[in-house]
Structures are given as structure tokens and as C-alpha cells.
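Data from structure33.cif: mmCIF, C-alpha atoms
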```
data_structure
#
loop_
_atom_site.label_atom_id
_atom_site.label_comp_id
_atom_site.auth_asym_id
_atom_site.auth_seq_id
_atom_site.Cartn_x
_atom_site.Cartn_y
_atom_site.Cartn_z
CA MET A 1 235.51 2.84 -23.71
CA LYS A 2 239.20 3.53 -24.00
CA PHE A 3 242.00 1.06 -24.57
CA ILE A 4 245.56 0.97 -25.81
CA PHE A 5 247.15 -1.60 -28.06
CA THR A 6 250.55 -1.86 -29.70
CA SER A 7 251.48 -1.72 -33.36
CA GLU A 8 251.53 -5.41 -34.18
CA PRO A 9 249.02 -6.57 -36.84
CA GLU A 10 248.16 -9.64 -34.76
CA GLN A 11 246.70 -7.25 -32.14
CA LEU A 12 243.97 -6.18 -34.58
CA CYS A 13 241.85 -9.28 -33.93
CA GLU A 14 241.41 -8.28 -30.27
CA VAL A 15 240.83 -4.65 -31.30
CA ARG A 16 238.05 -5.73 -33.67
CA ASP A 17 236.48 -7.89 -30.94
CA ARG A 18 236.39 -4.97 -28.49
CA ILE A 19 234.91 -2.62 -31.07
CA ARG A 20 232.37 -5.24 -32.15
CA ARG A 21 231.17 -5.65 -28.54
CA PHE A 22 230.86 -1.88 -28.18
CA LEU A 23 228.83 -1.58 -31.39
CA GLU A 24 226.44 -4.47 -30.61
CA PRO A 25 223.76 -2.50 -28.72
CA LEU A 26 223.78 0.45 -31.11
CA PRO A 27 220.95 1.00 -33.60
CA LEU A 28 222.90 0.06 -36.69
CA GLU A 29 221.99 -2.45 -39.36
CA GLU A 30 224.41 -5.37 -39.48
CA THR A 31 225.97 -4.11 -42.73
CA GLU A 32 226.44 -0.63 -41.20
CA ARG A 33 228.03 -2.12 -38.09
CA TYR A 34 230.40 -4.15 -40.25
CA LEU A 35 231.29 -1.09 -42.34
CA VAL A 36 232.11 0.94 -39.20
CA LEU A 37 234.18 -1.93 -37.81
CA MET A 38 236.11 -2.34 -41.06
CA GLY A 39 236.69 1.41 -41.31
CA ILE A 40 238.28 1.51 -37.86
CA ASP A 41 240.30 -1.62 -38.64
CA GLU A 42 241.57 0.02 -41.85
CA ALA A 43 242.56 3.16 -39.96
CA CYS A 44 244.42 1.09 -37.33
CA SER A 45 246.19 -0.88 -40.06
CA ASN A 46 247.26 2.36 -41.72
CA ILE A 47 248.67 3.64 -38.42
CA ILE A 48 250.76 0.48 -38.08
CA ARG A 49 251.88 0.55 -41.72
CA HIS A 50 252.40 4.25 -42.32
CA ALA A 51 252.75 6.16 -39.02
CA TYR A 52 254.91 3.46 -37.41
CA ASN A 53 256.44 1.97 -40.58
CA ASN A 54 255.55 -1.54 -39.31
CA THR A 55 257.66 -1.06 -36.17
CA PRO A 56 256.21 -3.24 -33.38
CA GLY A 57 255.57 -2.09 -29.82
CA LYS A 58 254.32 1.43 -30.58
CA ARG A 59 251.26 2.77 -28.76
CA ILE A 60 247.85 3.31 -30.38
CA THR A 61 244.94 4.60 -28.31
CA VAL A 62 241.34 3.85 -29.24
CA GLU A 63 238.45 5.76 -27.65
CA LEU A 64 234.85 4.83 -28.43
CA ARG A 65 231.76 6.63 -27.19
CA CYS A 66 228.18 7.50 -28.00
CA ARG A 67 226.89 10.94 -27.31
CA ASN A 68 223.92 12.91 -28.62
CA ARG A 69 222.86 10.18 -31.07
CA GLU A 70 226.36 9.92 -32.55
CA PHE A 71 229.03 7.24 -32.43
CA HIS A 72 232.53 8.69 -31.99
CA CYS A 73 235.86 6.96 -32.47
CA ARG A 74 239.16 8.66 -31.68
CA LEU A 75 242.44 7.04 -32.74
CA ARG A 76 245.69 8.49 -31.47
CA ASP A 77 249.21 7.53 -32.45
CA TYR A 78 252.64 9.03 -31.85
CA GLY A 79 254.25 8.07 -35.14
CA THR A 80 255.08 10.03 -38.24
CA PRO A 81 252.09 12.11 -39.34
CA ALA A 82 251.05 11.81 -42.95
CA ASP A 83 250.57 14.83 -45.14
CA PRO A 84 246.84 14.83 -45.99
CA SER A 85 247.59 16.46 -49.34
CA ARG A 86 249.51 13.30 -50.26
CA PHE A 87 246.75 10.81 -49.42
CA ARG A 88 246.45 8.45 -52.34
CA VAL A 89 242.85 8.28 -53.42
CA ARG A 90 242.14 6.18 -56.46
CA GLU A 91 239.06 5.41 -58.48
CA MET A 92 236.91 2.54 -57.22
CA ASN A 93 237.23 0.63 -60.52
CA ASP A 94 241.03 0.96 -60.62
CA GLY A 95 242.55 -2.52 -60.31
CA GLU A 96 245.63 -1.31 -58.44
CA PRO A 97 246.11 -2.19 -54.74
CA GLY A 98 245.92 0.48 -52.06
CA GLY A 99 244.12 3.76 -51.80
CA MET A 100 240.76 2.30 -50.76
CA GLY A 101 240.95 3.36 -47.11
CA TYR A 102 239.81 6.87 -47.96
CA HIS A 103 236.67 5.57 -49.68
CA LEU A 104 235.94 3.14 -46.87
CA LEU A 105 236.28 5.76 -44.12
CA HIS A 106 234.18 8.33 -45.95
CA HIS A 107 231.49 5.76 -46.66
CA ALA A 108 231.42 4.37 -43.10
CA PHE A 109 231.47 7.72 -41.29
CA ASP A 110 229.67 11.04 -41.59
CA ALA A 111 232.78 12.93 -40.48
CA VAL A 112 236.46 12.01 -40.86
CA ASP A 113 238.86 14.48 -39.28
CA TYR A 114 242.58 13.76 -39.63
CA GLN A 115 244.58 16.03 -37.32
CA PRO A 116 248.39 15.93 -37.36
CA GLN A 117 249.77 16.76 -33.91
CA LYS A 118 253.18 17.93 -32.71
CA ARG A 119 253.86 14.27 -32.14
CA GLY A 120 251.74 11.82 -34.12
CA THR A 121 248.18 12.04 -35.30
CA GLU A 122 244.63 12.11 -34.01
CA LEU A 123 241.89 10.70 -36.22
CA LEU A 124 238.31 11.52 -35.26
CA LEU A 125 235.50 9.49 -36.82
CA LYS A 126 231.80 10.23 -36.30
CA ARG A 127 228.64 8.49 -37.42
CA ARG A 128 225.10 9.59 -36.70
CA LEU A 129 222.90 6.91 -35.23
CA ALA A 130 219.37 6.26 -36.40
CA ASP A 131 216.58 7.51 -34.20
CA ALA A 132 216.01 4.83 -31.62
CA ASP A 133 212.63 3.32 -31.12
CA ASP A 134 211.50 1.30 -28.13
CA GLN A 135 213.76 -1.62 -29.00
CA TYR A 136 216.96 0.39 -28.54
CA SER A 137 218.36 2.02 -25.48
CA ILE A 138 221.46 4.07 -26.19
CA PRO A 139 223.14 5.38 -23.10
CA ASP A 140 225.81 8.03 -23.42
CA TYR A 141 229.14 6.23 -23.22
CA SER A 142 232.11 8.32 -22.22
CA PRO A 143 235.69 7.16 -22.57
CA ALA A 144 237.04 5.36 -19.54
CA THR A 145 239.79 7.20 -17.80
#
```

Once you've parsed the file, please lay out its structure as C-alpha cells.
Amino acid sequence: MKFIFTSEPEQLCEVRDRIRRFLEPLPLEETERYLVLMGIDEACSNIIRHAYNNTPGKRITVELRCRNREFHCRLRDYGTPADPSRFRVREMNDGEPGGMGYHLLHHAFDAVDYQPQKRGTELLLKRRLADADDQYSIPDYSPAT
């Protein structure tokens, strides 16, 4: 599945709904599904806030797929790339706001690959799926073109 939305926070409700529908048939516990959903939502919020500096109308592409027993999410923006060496990671028990996105993404996904591009950023998120038993059927989903 592939879709594009624009950098307005009010768009995130529809983004979450689309991702939720994609995740429904996958062999994930409800808490795992929620964690994946919130991780992607956090990444999208960070794109709006940091890459686009809260400027509305900017393009964000979301690609979701399952392949070889893995869930893949690709987020692509064309804003200002962040310097990964400057990511603010704070301790979990620190009462200050911000800096929790790193923990959330690395807890929700097995692989988090932040790739600055000539223009913008590509974020690749991967999560292994549990071995399916007879109750699950996981087709390979490729991004729509």
C-alpha cells in the first residue's frame, strides 16, 4: 500500500486509520500492533514538526508492505533532513518533554534506518512477524504504484 498525505497534523487521523487497516490481518498481538501504529504516527509527526517546520501542504509518502515474514514501512519527505548525530535521546525516567520518539521507534521496530537524501529524508522501519499458524494468512503486499 502506498499513499501520500500533506503535512497538516489533522491528516494524521486518516493516516492512522489506513495503517490500522493494513495491520489488521498481520500476526501481531494487539499491543504490538498499537506500538507499531504509534511508532509510525510519531515518525510522521516528527516529519511535520522538524523536516517541514510545521509548514502545511508539504508531501509525505507512506509505503507499507509485508515481505518474507517482515512488515516494512517507508516514510519519505522532502523537507530539511535532520542530523542523526543531533537526535535528542533522553532517559526514560527524565520528566522533560520530547526525545521519546527514538525509544518508541526502537522498541516498536527491529530495524530503524534514517537516510538523509539530497532532498529530504527516507525512514525505513522493519518488524519481523511471528511465524504464522493456520489462523493467519500473510500474503506478500507490495507497494501500489

Review point. Hey, what's within 9 Å of A:Leu23 if we count only C-alpha atoms and toss same-chain stuff fewer than 3 positions away? As a list in words, please?
Key: Arg18, Ile19, Arg20, Leu26, Pro27, Leu28, Arg33, Val36, Leu37 and Phe71 of chain A

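The gap separating atom CA of A:Glu8 from atom CA of A:Gly79 is 13.8 Å, in Å to one decimal.
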
Check your understanding: From the list A:Val62, A:Ile48, A:Ala82, A:Met38, which residue is nearest A:Leu105 when using all atoms listed in the file?
Key ->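 Ranked by minimum distance to A:Leu105, first place goes to A:Met38.
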
Exercise for review: Select, from A:Phe22, A:Tyr114, A:Phe109, A:Phe3, the residue with the minimum atom-to-atom distance to A:Lys126, counting all atoms listed in the file.
Suggested key: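 Answer, going by the shortest atom-to-atom distance: A:Phe109.
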
Using all atoms listed in the file, tabulate the residues of stretch 24-114 of chain A lying at most 12 Å from any atom of stretch 10-16 of chain A, each with its closest atom pair and that distance in Å to one decimal, by chain and increasing residue number, as a Markdown table.
```
| residue | atom | partner | partner_atom | distance |
| --- | --- | --- | --- | --- |
| A:Arg33 | CA | A:Arg16 | CA | 11.5 |
| A:Tyr34 | CA | A:Arg16 | CA | 10.2 |
| A:Leu35 | CA | A:Arg16 | CA | 11.9 |
| A:Val36 | CA | A:Arg16 | CA | 10.5 |
| A:Leu37 | CA | A:Arg16 | CA | 6.8 |
| A:Met38 | CA | A:Arg16 | CA | 8.4 |
| A:Gly39 | CA | A:Arg16 | CA | 10.5 |
| A:Ile40 | CA | A:Arg16 | CA | 8.4 |
| A:Asp41 | CA | A:Arg16 | CA | 6.8 |
| A:Glu42 | CA | A:Leu12 | CA | 9.9 |
| A:Ala43 | CA | A:Leu12 | CA | 10.9 |
| A:Cys44 | CA | A:Leu12 | CA | 7.8 |
| A:Ser45 | CA | A:Leu12 | CA | 7.9 |
| A:Asn46 | CA | A:Leu12 | CA | 11.6 |
| A:Ile47 | CA | A:Leu12 | CA | 11.5 |
| A:Ile48 | CA | A:Leu12 | CA | 10.1 |
| A:Asn54 | CA | A:Glu10 | CA | 11.9 |
| A:Pro56 | CA | A:Glu10 | CA | 10.4 |
| A:Gly57 | CA | A:Gln11 | CA | 10.5 |
| A:Lys58 | CA | A:Gln11 | CA | 11.7 |
| A:Arg59 | CA | A:Gln11 | CA | 11.5 |
| A:Ile60 | CA | A:Val15 | CA | 10.7 |
| A:Thr61 | CA | A:Val15 | CA | 10.6 |
| A:Val62 | CA | A:Val15 | CA | 8.8 |
| A:Glu63 | CA | A:Val15 | CA | 11.3 |
| A:Leu64 | CA | A:Val15 | CA | 11.6 |
| A:Leu75 | CA | A:Val15 | CA | 11.9 |
```

Check your understanding: Quick one: of A:Asp83, A:Asp110, A:Asp17, A:Glu29, who's nearest to A:Glu70, counting only C-alpha atoms?
Key ->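 Under the stated criterion, the closest residue is A:Asp110.
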
Practice item. Identify all residues satisfying the PyMOL selection byres ((chain A and resi 78) around 6) in the given file; provide them as a list in words. Key: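 On the file shown, the PyMOL selection byres ((chain A and resi 78) around 6) covers Asp77, Gly79, Arg119 and Gly120 of chain A.
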
Apply the PyMOL selection byres ((chain A and resi 125) around 6) to the file shown and report the selected residues as a compact mmCIF listing (two decimals) with C-alpha atoms, in the coordinates of the input.
```txt
# COMPACT_ATOMS: atom_id res chain seq x y z
CA HIS A 72 232.53 8.69 -31.99
CA CYS A 73 235.86 6.96 -32.47
CA ALA A 111 232.78 12.93 -40.48
CA VAL A 112 236.46 12.01 -40.86
CA LEU A 124 238.31 11.52 -35.26
CA LYS A 126 231.80 10.23 -36.30
```

Please put the answer as AutoDock Vina command-line options: centre and edge lengths, in Å with one decimal, of a box along x, y and z that encloses all listed atoms of stretch 77-84 of chain A plus 5 Å on each side.
```
--center_x 251.0 --center_y 11.2 --center_z -38.9 --size_x 18.2 --size_y 17.3 --size_z 24.1
```

Review point. What is the atom CA of A:His106-atom CA of A:Lys2 distance in Å, reported with one decimal?
Key: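 Going from atom CA of A:His106 over to atom CA of A:Lys2, I get 23.0 Å.
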
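Here atom CA of A:Ala51 is placed at a distance of 6.0 Å from atom CA of A:Pro81.
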
Review point. A:Phe5, A:Pro25, A:Pro116, A:Gly101: which is nearest A:Cys66, counting only C-alpha atoms?
Key: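 Using only C-alpha atoms, the shortest distance to A:Cys66 belongs to A:Pro25.
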